[in-house]
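Take a look at the structure below.
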Amino acid sequence: MKNPSDFLQVDTLILGGGLTGLSTAYHLEKTGRTDYLLVEQNGHFGGLCASEQMDGFTFDLSGHVLHLRDPYALRLVRQLLRGNLLRVRRRAFIDFDGRRVPYPFQYNLWALPPQTARECLQGALAAAQARRTARPKNFEQWCLQAWGEGIYRHFMQPYNQKLWQNAPSQMAWDWCSDFVPAPDLAALQAGARRRPARESGYNAQFYYPRKGGIGALAQALADRVPNTWLHARVQKIDLKRKQALIGTRRVRFARLVNTLPLKDFIQICDAPPAVQAAACALKSVPVHVLQLALKRPAQAHWVYFAQADIPFHRVGAYSAFCPENAPQGCGAFYAETTAPVADFPRAKKAFIKALKQKGIIEKQDQILFSFWRKLPVAYAVYDLARARHTARILRWLQQHRCYCAGRYGLWEYSFMERSLLQGRDLAQKLQSSL
Ligand SMILES: Cc1cc2nc3c(=O)[nH]c(=O)nc-3n(C[C@H](O)[C@H](O)[C@H](O)COP(=O)(O)OP(=O)(O)OC[C@H]3O[C@@H](n4cnc5c(N)ncnc54)[C@H](O)[C@@H]3O)c2cc1C
């Protein structure tokens, strides 16, 4: 497979060399199934889990830290990184009314202005007393039932509106349980009085490579996966004939694994009009990331900004995750937005002005260099029709022995641990369906 001829026959063709595709290939290798081929359009592996080194700084593709809750995933990451792994206690905040409120907002009401804290607490108590049994119809109703009017109005609504570029009332809520900590009224009341002794939330601690940025994880997997083509863009897929056009090369396959964004993938498939229409209806938002090398060390890991007049929704620092990511006395920072960016120099000016206003860049700080990175499909939007459309598409694909996985292959809100696990599970499924 190193020098592919014009035509190749493989058992399993894996589309995409991000964590999900790599994990699928790695686990196929482990079960002895080496008759696969993984194809990746870029000249490197990792997809979103990639890092780049510049002048002693390491930048990821926006903040990527590992939340490892599954024992197998933790064992796998430890094995792959062989000591090159840090465990880090989270230092994350919400910028609110000139204050730094520790994350998660709802368990740190003590840090809010007193009137806001009262409104949030009263709203949460009223929501708990209402004991609604009706299933929420949308994300707005879910927030109001779980957290009440105050927390919704002061944080959940503006932040989510800004991140998703969609109104919470127009979104589904089935993605929330893994990411938004479930309500714990006692903890909320205690957190209204004083700072909690224990951090809460799904990511109170995280893991991160000691060296090489988050891309070190993808590279460690890629080093164990030999049957790959880089610079290999998937152009066309014929699922009926089981043929793919990869660049200018043709590949025949028995089974197909897709980790490409579902919407793009369907566009290059021989899908019937109803499936094409369902794919066209899927919505996503991009992320534009301003990467900054500053002559200033970083403190917080990341800070959320819900305010409509601040151009980014989150700012973080790779060098706060791990000091190796910047030279001594310097910081590698990122600032993200999901809003459209038409004029990059103008957007950069607005970002820097706001970073100064928020004290992230101080007067004496030198900006050594900066550049933009775009993640064209960053968040699959959970609008109210998403579940129906994805179910229709995935049903059709399964009939053709095409298995989708990963955040974009399944068009879901997902994370790196799940990519590793989905790759393992898919390899097992492929093994048992021979
Ligand atoms: C802003 C942001 C922050 C995040 N932060 C975190 C975090 O802190 N922690 C966490 O666990 N997760 C985080 N995630 C999620 C995480 O990035 C993903 O869950 C994971 O990286 C998805 O991996 P994947 O392999 O499924 O997809 P991808 O990484 O997108 O890989 C798909 C691959 O397919 C390739 N490809 C696309 N089209 C073609 C084509 N036509 N031909 C060939 N190849 C193609 C791409 O180049 C890419 O390499 C974040 C995501 C975003 C957007």
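So you can find residues: chains in the structure tokens are A, B, ... in the order shown, residues in each start at 1, and ligands are numbered from 1 in order.
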
For chain A versus ligand 1, which residues have an atom no more than 7 Å away, and what is each residue's nearest atom pair and distance in Å rounded to one decimal, using only C-alpha atoms and all ligand atoms, chain-then-number order, as a Markdown table?
| residue | atom | partner | partner_atom_place_in_ligand_line | distance |
| --- | --- | --- | --- | --- |
| A:Leu15 | CA | ligand 1 | 44 (N) | 5.9 |
| A:Gly16 | CA | ligand 1 | 34 (O) | 3.3 |
| A:Gly17 | CA | ligand 1 | 49 (O) | 4.6 |
| A:Gly18 | CA | ligand 1 | 25 (O) | 3.3 |
| A:Leu19 | CA | ligand 1 | 25 (O) | 4.0 |
| A:Thr20 | CA | ligand 1 | 25 (O) | 3.8 |
| A:Gly21 | CA | ligand 1 | 25 (O) | 5.5 |
| A:Val39 | CA | ligand 1 | 43 (C) | 5.7 |
| A:Glu40 | CA | ligand 1 | 44 (N) | 3.9 |
| A:Gln41 | CA | ligand 1 | 43 (C) | 3.8 |
| A:Asn42 | CA | ligand 1 | 47 (O) | 5.4 |
| A:Phe45 | CA | ligand 1 | 49 (O) | 6.0 |
| A:Gly46 | CA | ligand 1 | 49 (O) | 5.5 |
| A:Gly47 | CA | ligand 1 | 49 (O) | 3.1 |
| A:Leu48 | CA | ligand 1 | 29 (O) | 3.9 |
| A:Cys49 | CA | ligand 1 | 21 (O) | 4.8 |
| A:Ser62 | CA | ligand 1 | 1 (C) | 5.5 |
| A:Gly63 | CA | ligand 1 | 8 (O) | 5.4 |
| A:His64 | CA | ligand 1 | 8 (O) | 3.4 |
| A:Val65 | CA | ligand 1 | 8 (O) | 4.0 |
| A:Leu66 | CA | ligand 1 | 11 (O) | 4.9 |
| A:His67 | CA | ligand 1 | 11 (O) | 5.9 |
| A:Ala232 | CA | ligand 1 | 43 (C) | 5.7 |
| A:Arg233 | CA | ligand 1 | 42 (N) | 3.5 |
| A:Val234 | CA | ligand 1 | 42 (N) | 3.8 |
| A:Gln235 | CA | ligand 1 | 41 (N) | 6.1 |
| A:Thr259 | CA | ligand 1 | 26 (O) | 5.4 |
| A:Leu260 | CA | ligand 1 | 37 (C) | 4.8 |
| A:Pro261 | CA | ligand 1 | 37 (C) | 6.8 |
| A:Val287 | CA | ligand 1 | 1 (C) | 6.1 |
| A:Leu375 | CA | ligand 1 | 53 (C) | 6.7 |
| A:Ala378 | CA | ligand 1 | 53 (C) | 3.9 |
| A:Tyr379 | CA | ligand 1 | 53 (C) | 5.9 |
| A:Ala405 | CA | ligand 1 | 26 (O) | 6.6 |
| A:Gly406 | CA | ligand 1 | 26 (O) | 3.5 |
| A:Arg407 | CA | ligand 1 | 26 (O) | 4.8 |
| A:Tyr408 | CA | ligand 1 | 26 (O) | 5.7 |
| A:Gly409 | CA | ligand 1 | 26 (O) | 6.5 |
| A:Ser414 | CA | ligand 1 | 19 (O) | 4.8 |
| A:Phe415 | CA | ligand 1 | 19 (O) | 3.4 |
| A:Met416 | CA | ligand 1 | 11 (O) | 3.6 |
| A:Glu417 | CA | ligand 1 | 11 (O) | 5.7 |
| A:Ser419 | CA | ligand 1 | 26 (O) | 5.7 |

(request) Go through stretch 111-254 of chain A and collect every residue that DSSP, computed from the backbone, puts in helix (DSSP H, G or I); the answer should be as a ChimeraX atom specification. (result) /A:111,114-130,139-164,168-170,185-193,215-222

(message) Applying 9 Å and only C-alpha atoms, which residues near stretch 292-301 of chain A remain after dropping the ones on its own chain fewer than 2 positions away? List them as a PyMOL selection string.
(response) chain A and resi 57+59+63+90-93+290+303+315-321+323+326+328-335+360-362+365-372

Enumerate, as a short mmCIF file (atom, residue, chain, number, x, y, z; two decimals) with all heavy atoms, in the first residue's frame, the complete set of residues in stretch 246-377 of chain A that a backbone-based DSSP assignment places in strand (DSSP E or B).
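The resulting file, states.cif, is shown below:
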data_model
loop_
_atom_site.label_atom_id
_atom_site.label_comp_id
_atom_site.auth_asym_id
_atom_site.auth_seq_id
_atom_site.Cartn_x
_atom_site.Cartn_y
_atom_site.Cartn_z
N ILE A 246 -10.17 8.15 -4.67
CA ILE A 246 -9.36 8.85 -3.66
C ILE A 246 -8.28 9.60 -4.44
O ILE A 246 -7.35 8.98 -4.96
CB ILE A 246 -8.68 7.86 -2.68
CG1 ILE A 246 -9.61 6.75 -2.23
CG2 ILE A 246 -8.02 8.59 -1.53
CD1 ILE A 246 -10.65 7.11 -1.24
N ARG A 249 -6.89 7.88 -7.56
CA ARG A 249 -6.79 6.42 -7.43
C ARG A 249 -8.13 5.80 -7.09
O ARG A 249 -8.92 6.39 -6.36
CB ARG A 249 -5.76 6.07 -6.36
CG ARG A 249 -4.36 6.52 -6.75
CD ARG A 249 -3.39 6.45 -5.61
NE ARG A 249 -3.57 7.53 -4.67
CZ ARG A 249 -2.75 7.77 -3.65
NH1 ARG A 249 -1.73 6.98 -3.43
NH2 ARG A 249 -2.97 8.79 -2.85
N ARG A 250 -8.35 4.57 -7.62
CA ARG A 250 -9.61 3.89 -7.33
C ARG A 250 -9.37 2.79 -6.31
O ARG A 250 -8.38 2.08 -6.37
CB ARG A 250 -10.17 3.24 -8.60
CG ARG A 250 -10.70 4.28 -9.52
CD ARG A 250 -11.45 3.73 -10.69
NE ARG A 250 -11.81 4.87 -11.53
CZ ARG A 250 -12.79 5.71 -11.28
NH1 ARG A 250 -13.58 5.51 -10.24
NH2 ARG A 250 -13.02 6.74 -12.07
N VAL A 251 -10.31 2.68 -5.39
CA VAL A 251 -10.21 1.65 -4.35
C VAL A 251 -11.53 0.90 -4.30
O VAL A 251 -12.60 1.52 -4.34
CB VAL A 251 -9.91 2.29 -2.98
CG1 VAL A 251 -9.88 1.22 -1.89
CG2 VAL A 251 -8.60 3.06 -2.99
N ARG A 252 -11.45 -0.44 -4.25
CA ARG A 252 -12.65 -1.25 -4.01
C ARG A 252 -12.62 -1.67 -2.55
O ARG A 252 -11.57 -1.99 -2.01
CB ARG A 252 -12.62 -2.51 -4.87
CG ARG A 252 -13.07 -2.30 -6.24
CD ARG A 252 -14.00 -3.47 -6.68
NE ARG A 252 -14.52 -3.16 -7.99
CZ ARG A 252 -13.98 -3.62 -9.12
NH1 ARG A 252 -12.98 -4.45 -9.07
NH2 ARG A 252 -14.48 -3.26 -10.28
N PHE A 253 -13.78 -1.70 -1.93
CA PHE A 253 -13.83 -2.06 -0.51
C PHE A 253 -15.03 -2.96 -0.25
O PHE A 253 -16.00 -2.98 -1.04
CB PHE A 253 -13.92 -0.79 0.36
CG PHE A 253 -15.06 0.12 -0.02
CD1 PHE A 253 -16.34 -0.09 0.50
CD2 PHE A 253 -14.88 1.17 -0.91
CE1 PHE A 253 -17.40 0.73 0.15
CE2 PHE A 253 -15.94 2.00 -1.27
CZ PHE A 253 -17.19 1.79 -0.74
N ALA A 254 -14.96 -3.70 0.86
CA ALA A 254 -16.12 -4.50 1.28
C ALA A 254 -16.94 -3.73 2.29
O ALA A 254 -18.16 -3.77 2.28
CB ALA A 254 -15.64 -5.83 1.87
N ARG A 255 -16.24 -3.04 3.21
CA ARG A 255 -16.93 -2.23 4.23
C ARG A 255 -16.30 -0.84 4.26
O ARG A 255 -15.11 -0.68 4.01
CB ARG A 255 -16.78 -2.87 5.63
CG ARG A 255 -17.66 -4.07 5.89
CD ARG A 255 -16.95 -5.40 5.70
NE ARG A 255 -15.76 -5.58 6.51
CZ ARG A 255 -15.77 -6.09 7.74
NH1 ARG A 255 -16.91 -6.44 8.30
NH2 ARG A 255 -14.65 -6.29 8.39
N LEU A 256 -17.12 0.13 4.63
CA LEU A 256 -16.64 1.50 4.64
C LEU A 256 -16.88 2.11 6.02
O LEU A 256 -17.95 1.95 6.60
CB LEU A 256 -17.41 2.30 3.59
CG LEU A 256 -16.91 3.72 3.32
CD1 LEU A 256 -15.55 3.68 2.63
CD2 LEU A 256 -17.89 4.48 2.42
N VAL A 257 -15.84 2.83 6.53
CA VAL A 257 -15.99 3.57 7.79
C VAL A 257 -15.87 5.05 7.44
O VAL A 257 -14.86 5.47 6.85
CB VAL A 257 -14.90 3.17 8.80
CG1 VAL A 257 -14.91 4.10 10.01
CG2 VAL A 257 -15.08 1.72 9.24
N ASN A 258 -16.88 5.82 7.79
CA ASN A 258 -16.81 7.25 7.50
C ASN A 258 -16.66 8.07 8.77
O ASN A 258 -17.46 7.96 9.70
CB ASN A 258 -18.08 7.73 6.79
CG ASN A 258 -18.07 9.24 6.71
OD1 ASN A 258 -17.11 9.83 6.19
ND2 ASN A 258 -19.09 9.88 7.25
N CYS A 269 -21.51 10.98 -2.19
CA CYS A 269 -22.03 9.60 -2.28
C CYS A 269 -23.13 9.52 -3.33
O CYS A 269 -23.75 10.52 -3.66
CB CYS A 269 -22.70 9.23 -0.97
SG CYS A 269 -21.62 8.52 0.21
N SER A 284 -24.39 23.50 10.79
CA SER A 284 -23.21 23.52 11.66
C SER A 284 -22.70 24.95 11.77
O SER A 284 -23.12 25.81 10.99
CB SER A 284 -22.11 22.63 11.06
OG SER A 284 -21.64 23.18 9.85
N VAL A 285 -21.82 25.17 12.74
CA VAL A 285 -21.15 26.47 12.82
C VAL A 285 -19.64 26.23 12.79
O VAL A 285 -19.15 25.22 13.28
CB VAL A 285 -21.53 27.28 14.09
CG1 VAL A 285 -22.93 27.85 13.98
CG2 VAL A 285 -21.36 26.50 15.36
N PRO A 286 -18.90 27.18 12.19
CA PRO A 286 -17.45 27.06 12.18
C PRO A 286 -16.87 27.66 13.46
O PRO A 286 -17.59 28.29 14.22
CB PRO A 286 -17.06 27.94 10.98
CG PRO A 286 -18.11 29.01 10.97
CD PRO A 286 -19.38 28.38 11.49
N VAL A 287 -15.58 27.46 13.68
CA VAL A 287 -14.88 28.22 14.72
C VAL A 287 -13.69 28.91 14.07
O VAL A 287 -12.94 28.26 13.32
CB VAL A 287 -14.42 27.33 15.89
CG1 VAL A 287 -13.41 28.06 16.77
CG2 VAL A 287 -15.60 26.91 16.76
N HIS A 288 -13.56 30.19 14.30
CA HIS A 288 -12.36 30.92 13.90
C HIS A 288 -11.54 31.13 15.17
O HIS A 288 -12.07 31.60 16.18
CB HIS A 288 -12.72 32.27 13.30
CG HIS A 288 -13.38 32.14 11.96
ND1 HIS A 288 -14.74 32.13 11.79
CD2 HIS A 288 -12.85 31.99 10.73
CE1 HIS A 288 -15.02 31.99 10.51
NE2 HIS A 288 -13.89 31.90 9.83
N VAL A 289 -10.27 30.77 15.08
CA VAL A 289 -9.40 30.84 16.26
C VAL A 289 -8.27 31.83 15.99
O VAL A 289 -7.52 31.66 15.02
CB VAL A 289 -8.75 29.47 16.56
CG1 VAL A 289 -8.07 29.48 17.93
CG2 VAL A 289 -9.75 28.34 16.47
N LEU A 290 -8.14 32.83 16.85
CA LEU A 290 -6.97 33.71 16.77
C LEU A 290 -5.92 33.13 17.72
O LEU A 290 -6.14 33.08 18.94
CB LEU A 290 -7.33 35.15 17.14
CG LEU A 290 -6.15 36.13 17.03
CD1 LEU A 290 -5.68 36.28 15.58
CD2 LEU A 290 -6.51 37.51 17.59
N GLN A 291 -4.80 32.67 17.15
CA GLN A 291 -3.71 32.10 17.95
C GLN A 291 -2.72 33.22 18.25
O GLN A 291 -2.36 33.98 17.34
CB GLN A 291 -2.98 31.01 17.15
CG GLN A 291 -3.90 29.99 16.47
CD GLN A 291 -4.16 28.77 17.34
OE1 GLN A 291 -4.32 28.90 18.55
NE2 GLN A 291 -4.21 27.61 16.75
N LEU A 292 -2.30 33.33 19.49
CA LEU A 292 -1.47 34.47 19.91
C LEU A 292 -0.27 34.00 20.71
O LEU A 292 -0.42 33.24 21.67
CB LEU A 292 -2.29 35.38 20.83
CG LEU A 292 -3.40 36.22 20.20
CD1 LEU A 292 -4.52 36.42 21.20
CD2 LEU A 292 -2.84 37.56 19.75
N ALA A 293 0.91 34.50 20.32
CA ALA A 293 2.11 34.27 21.12
C ALA A 293 2.39 35.57 21.86
O ALA A 293 2.64 36.59 21.23
CB ALA A 293 3.28 33.90 20.21
N LEU A 294 2.31 35.53 23.19
CA LEU A 294 2.48 36.75 23.98
C LEU A 294 3.73 36.65 24.84
O LEU A 294 4.08 35.56 25.30
CB LEU A 294 1.29 36.97 24.92
CG LEU A 294 -0.09 37.19 24.32
CD1 LEU A 294 -1.08 37.55 25.43
CD2 LEU A 294 -0.07 38.29 23.28
N TRP A 302 -8.89 28.47 30.76
CA TRP A 302 -9.77 29.11 29.79
C TRP A 302 -10.83 29.94 30.52
O TRP A 302 -11.12 29.71 31.69
CB TRP A 302 -10.42 28.12 28.82
CG TRP A 302 -11.28 27.07 29.44
CD1 TRP A 302 -12.60 27.16 29.76
CD2 TRP A 302 -10.89 25.72 29.78
NE1 TRP A 302 -13.05 25.97 30.29
CE2 TRP A 302 -12.02 25.07 30.31
CE3 TRP A 302 -9.68 25.01 29.68
CZ2 TRP A 302 -12.00 23.75 30.75
CZ3 TRP A 302 -9.67 23.68 30.13
CH2 TRP A 302 -10.80 23.07 30.64
N VAL A 303 -11.38 30.94 29.79
CA VAL A 303 -12.40 31.84 30.33
C VAL A 303 -13.52 31.97 29.29
O VAL A 303 -13.23 32.11 28.09
CB VAL A 303 -11.82 33.25 30.62
CG1 VAL A 303 -12.87 34.14 31.28
CG2 VAL A 303 -10.58 33.17 31.50
N TYR A 304 -14.78 31.88 29.76
CA TYR A 304 -15.94 32.02 28.86
C TYR A 304 -16.43 33.46 28.88
O TYR A 304 -16.45 34.10 29.95
CB TYR A 304 -17.09 31.12 29.33
CG TYR A 304 -16.74 29.65 29.34
CD1 TYR A 304 -16.37 28.99 30.51
CD2 TYR A 304 -16.81 28.89 28.17
CE1 TYR A 304 -16.07 27.64 30.53
CE2 TYR A 304 -16.51 27.53 28.17
CZ TYR A 304 -16.14 26.92 29.36
OH TYR A 304 -15.84 25.58 29.37
N PHE A 305 -16.87 33.93 27.72
CA PHE A 305 -17.40 35.29 27.60
C PHE A 305 -18.78 35.21 26.93
O PHE A 305 -18.85 34.92 25.73
CB PHE A 305 -16.48 36.17 26.76
CG PHE A 305 -15.13 36.36 27.40
CD1 PHE A 305 -14.11 35.44 27.21
CD2 PHE A 305 -14.88 37.46 28.21
CE1 PHE A 305 -12.87 35.59 27.81
CE2 PHE A 305 -13.65 37.63 28.83
CZ PHE A 305 -12.64 36.69 28.63
N ARG A 314 -14.71 32.35 23.96
CA ARG A 314 -13.80 31.67 24.91
C ARG A 314 -12.36 32.06 24.58
O ARG A 314 -11.99 32.16 23.42
CB ARG A 314 -13.97 30.15 24.79
CG ARG A 314 -13.16 29.37 25.80
CD ARG A 314 -13.54 27.92 25.85
NE ARG A 314 -13.33 27.23 24.57
CZ ARG A 314 -13.41 25.91 24.41
NH1 ARG A 314 -13.72 25.14 25.45
NH2 ARG A 314 -13.22 25.36 23.23
N VAL A 315 -11.59 32.26 25.65
CA VAL A 315 -10.15 32.51 25.48
C VAL A 315 -9.43 31.52 26.39
O VAL A 315 -9.85 31.32 27.54
CB VAL A 315 -9.78 33.95 25.90
CG1 VAL A 315 -8.27 34.16 25.84
CG2 VAL A 315 -10.48 34.97 25.02
N GLY A 316 -8.38 30.93 25.89
CA GLY A 316 -7.64 29.99 26.72
C GLY A 316 -6.15 30.07 26.42
O GLY A 316 -5.71 30.87 25.59
N ALA A 317 -5.39 29.24 27.11
CA ALA A 317 -3.93 29.28 26.93
C ALA A 317 -3.37 27.86 26.93
O ALA A 317 -3.48 27.15 27.93
CB ALA A 317 -3.30 30.11 28.03
N GLY A 331 3.47 33.13 26.71
CA GLY A 331 2.23 32.34 26.73
C GLY A 331 1.73 32.10 25.32
O GLY A 331 1.84 32.96 24.45
N ALA A 332 1.17 30.89 25.09
CA ALA A 332 0.52 30.56 23.82
C ALA A 332 -0.98 30.59 24.09
O ALA A 332 -1.48 29.76 24.84
CB ALA A 332 0.96 29.18 23.34
N PHE A 333 -1.69 31.54 23.51
CA PHE A 333 -3.11 31.78 23.80
C PHE A 333 -3.97 31.49 22.57
O PHE A 333 -3.47 31.50 21.44
CB PHE A 333 -3.34 33.25 24.20
CG PHE A 333 -2.75 33.63 25.53
CD1 PHE A 333 -1.39 33.85 25.67
CD2 PHE A 333 -3.56 33.78 26.64
CE1 PHE A 333 -0.85 34.20 26.90
CE2 PHE A 333 -3.03 34.15 27.88
CZ PHE A 333 -1.67 34.35 28.01
N TYR A 334 -5.28 31.31 22.82
CA TYR A 334 -6.24 31.23 21.71
C TYR A 334 -7.51 31.97 22.10
O TYR A 334 -7.87 32.02 23.28
CB TYR A 334 -6.56 29.77 21.35
CG TYR A 334 -7.16 28.95 22.47
CD1 TYR A 334 -8.54 28.86 22.64
CD2 TYR A 334 -6.35 28.27 23.38
CE1 TYR A 334 -9.10 28.10 23.67
CE2 TYR A 334 -6.89 27.51 24.41
CZ TYR A 334 -8.27 27.43 24.55
OH TYR A 334 -8.82 26.70 25.57
N ALA A 335 -8.16 32.57 21.09
CA ALA A 335 -9.46 33.21 21.31
C ALA A 335 -10.37 32.74 20.19
O ALA A 335 -9.97 32.75 19.02
CB ALA A 335 -9.30 34.72 21.28
N GLU A 336 -11.58 32.28 20.54
CA GLU A 336 -12.44 31.61 19.56
C GLU A 336 -13.75 32.35 19.34
O GLU A 336 -14.33 32.89 20.29
CB GLU A 336 -12.86 30.24 20.09
CG GLU A 336 -11.77 29.29 20.46
CD GLU A 336 -12.36 28.09 21.22
OE1 GLU A 336 -12.66 28.22 22.41
OE2 GLU A 336 -12.54 27.05 20.59
N THR A 337 -14.23 32.27 18.11
CA THR A 337 -15.59 32.74 17.84
C THR A 337 -16.26 31.80 16.84
O THR A 337 -15.60 31.26 15.95
CB THR A 337 -15.61 34.17 17.28
OG1 THR A 337 -16.98 34.54 17.07
CG2 THR A 337 -14.87 34.33 15.96
N ILE A 367 2.90 41.45 21.85
CA ILE A 367 2.35 40.35 21.02
C ILE A 367 3.47 39.95 20.06
O ILE A 367 3.87 40.72 19.20
CB ILE A 367 1.11 40.81 20.23
CG1 ILE A 367 0.02 41.30 21.20
CG2 ILE A 367 0.56 39.67 19.37
CD1 ILE A 367 -1.20 41.90 20.53
N LEU A 368 4.02 38.76 20.25
CA LEU A 368 5.17 38.34 19.45
C LEU A 368 4.73 38.00 18.02
O LEU A 368 5.35 38.40 17.06
CB LEU A 368 5.87 37.15 20.11
CG LEU A 368 6.41 37.46 21.52
CD1 LEU A 368 6.89 36.20 22.21
CD2 LEU A 368 7.53 38.49 21.47
N PHE A 369 3.65 37.22 17.90
CA PHE A 369 3.03 36.98 16.58
C PHE A 369 1.64 36.41 16.81
O PHE A 369 1.30 35.98 17.92
CB PHE A 369 3.88 36.05 15.69
CG PHE A 369 4.11 34.67 16.24
CD1 PHE A 369 3.27 33.62 15.94
CD2 PHE A 369 5.21 34.41 17.06
CE1 PHE A 369 3.50 32.33 16.44
CE2 PHE A 369 5.45 33.13 17.57
CZ PHE A 369 4.59 32.10 17.26
N SER A 370 0.85 36.43 15.76
CA SER A 370 -0.51 35.89 15.84
C SER A 370 -0.94 35.42 14.46
O SER A 370 -0.38 35.87 13.45
CB SER A 370 -1.48 36.95 16.36
OG SER A 370 -1.62 37.96 15.39
N PHE A 371 -1.87 34.49 14.42
CA PHE A 371 -2.40 34.03 13.13
C PHE A 371 -3.77 33.38 13.37
O PHE A 371 -4.10 33.01 14.49
CB PHE A 371 -1.44 33.04 12.44
CG PHE A 371 -1.11 31.83 13.28
CD1 PHE A 371 -1.78 30.63 13.11
CD2 PHE A 371 -0.12 31.89 14.26
CE1 PHE A 371 -1.48 29.50 13.88
CE2 PHE A 371 0.19 30.77 15.05
CZ PHE A 371 -0.48 29.59 14.85
N TRP A 372 -4.54 33.24 12.28
CA TRP A 372 -5.87 32.65 12.39
C TRP A 372 -5.85 31.18 11.97
O TRP A 372 -5.08 30.80 11.08
CB TRP A 372 -6.85 33.37 11.45
CG TRP A 372 -7.22 34.74 11.86
CD1 TRP A 372 -6.66 35.90 11.41
CD2 TRP A 372 -8.25 35.12 12.80
NE1 TRP A 372 -7.27 36.98 12.00
CE2 TRP A 372 -8.25 36.52 12.86
CE3 TRP A 372 -9.14 34.42 13.58
CZ2 TRP A 372 -9.12 37.24 13.68
CZ3 TRP A 372 -10.02 35.12 14.39
CH2 TRP A 372 -10.00 36.51 14.44
N ARG A 373 -6.71 30.41 12.56
CA ARG A 373 -7.01 29.07 12.09
C ARG A 373 -8.52 28.94 12.00
O ARG A 373 -9.24 29.43 12.88
CB ARG A 373 -6.47 27.99 13.05
CG ARG A 373 -4.97 27.79 12.95
CD ARG A 373 -4.59 27.09 11.64
NE ARG A 373 -3.15 27.04 11.42
CZ ARG A 373 -2.48 27.83 10.57
NH1 ARG A 373 -3.11 28.77 9.87
NH2 ARG A 373 -1.19 27.70 10.40
N LYS A 374 -8.98 28.29 10.92
CA LYS A 374 -10.43 28.11 10.77
C LYS A 374 -10.79 26.63 10.86
O LYS A 374 -10.17 25.81 10.19
CB LYS A 374 -10.88 28.68 9.42
CG LYS A 374 -12.38 28.51 9.23
CD LYS A 374 -12.91 29.17 7.97
CE LYS A 374 -14.43 28.96 7.91
NZ LYS A 374 -15.04 29.50 6.72
N LEU A 375 -11.78 26.31 11.67
CA LEU A 375 -12.34 24.96 11.70
C LEU A 375 -13.70 25.07 11.01
O LEU A 375 -14.66 25.55 11.63
CB LEU A 375 -12.51 24.46 13.14
CG LEU A 375 -11.38 24.82 14.12
CD1 LEU A 375 -11.68 24.29 15.51
CD2 LEU A 375 -10.05 24.25 13.63
N PRO A 376 -13.78 24.68 9.73
CA PRO A 376 -14.98 25.00 8.95
C PRO A 376 -16.25 24.36 9.52
O PRO A 376 -17.31 24.97 9.50
CB PRO A 376 -14.68 24.46 7.56
CG PRO A 376 -13.23 24.13 7.54
CD PRO A 376 -12.78 23.95 8.95
N VAL A 377 -16.14 23.10 9.97
CA VAL A 377 -17.31 22.44 10.59
C VAL A 377 -16.89 22.13 12.02
O VAL A 377 -16.22 21.15 12.28
CB VAL A 377 -17.67 21.14 9.85
CG1 VAL A 377 -18.89 20.48 10.47
CG2 VAL A 377 -17.93 21.41 8.38
#

(message) Give me the residues near A:His400 as number ranges by chain, where near means some atom within 12 Å (using only C-alpha atoms) and where sequence neighbours in that chain fewer than 2 positions away do not count.
(response) A: 237-243, 253-257, 269-271, 393-398, 402-404
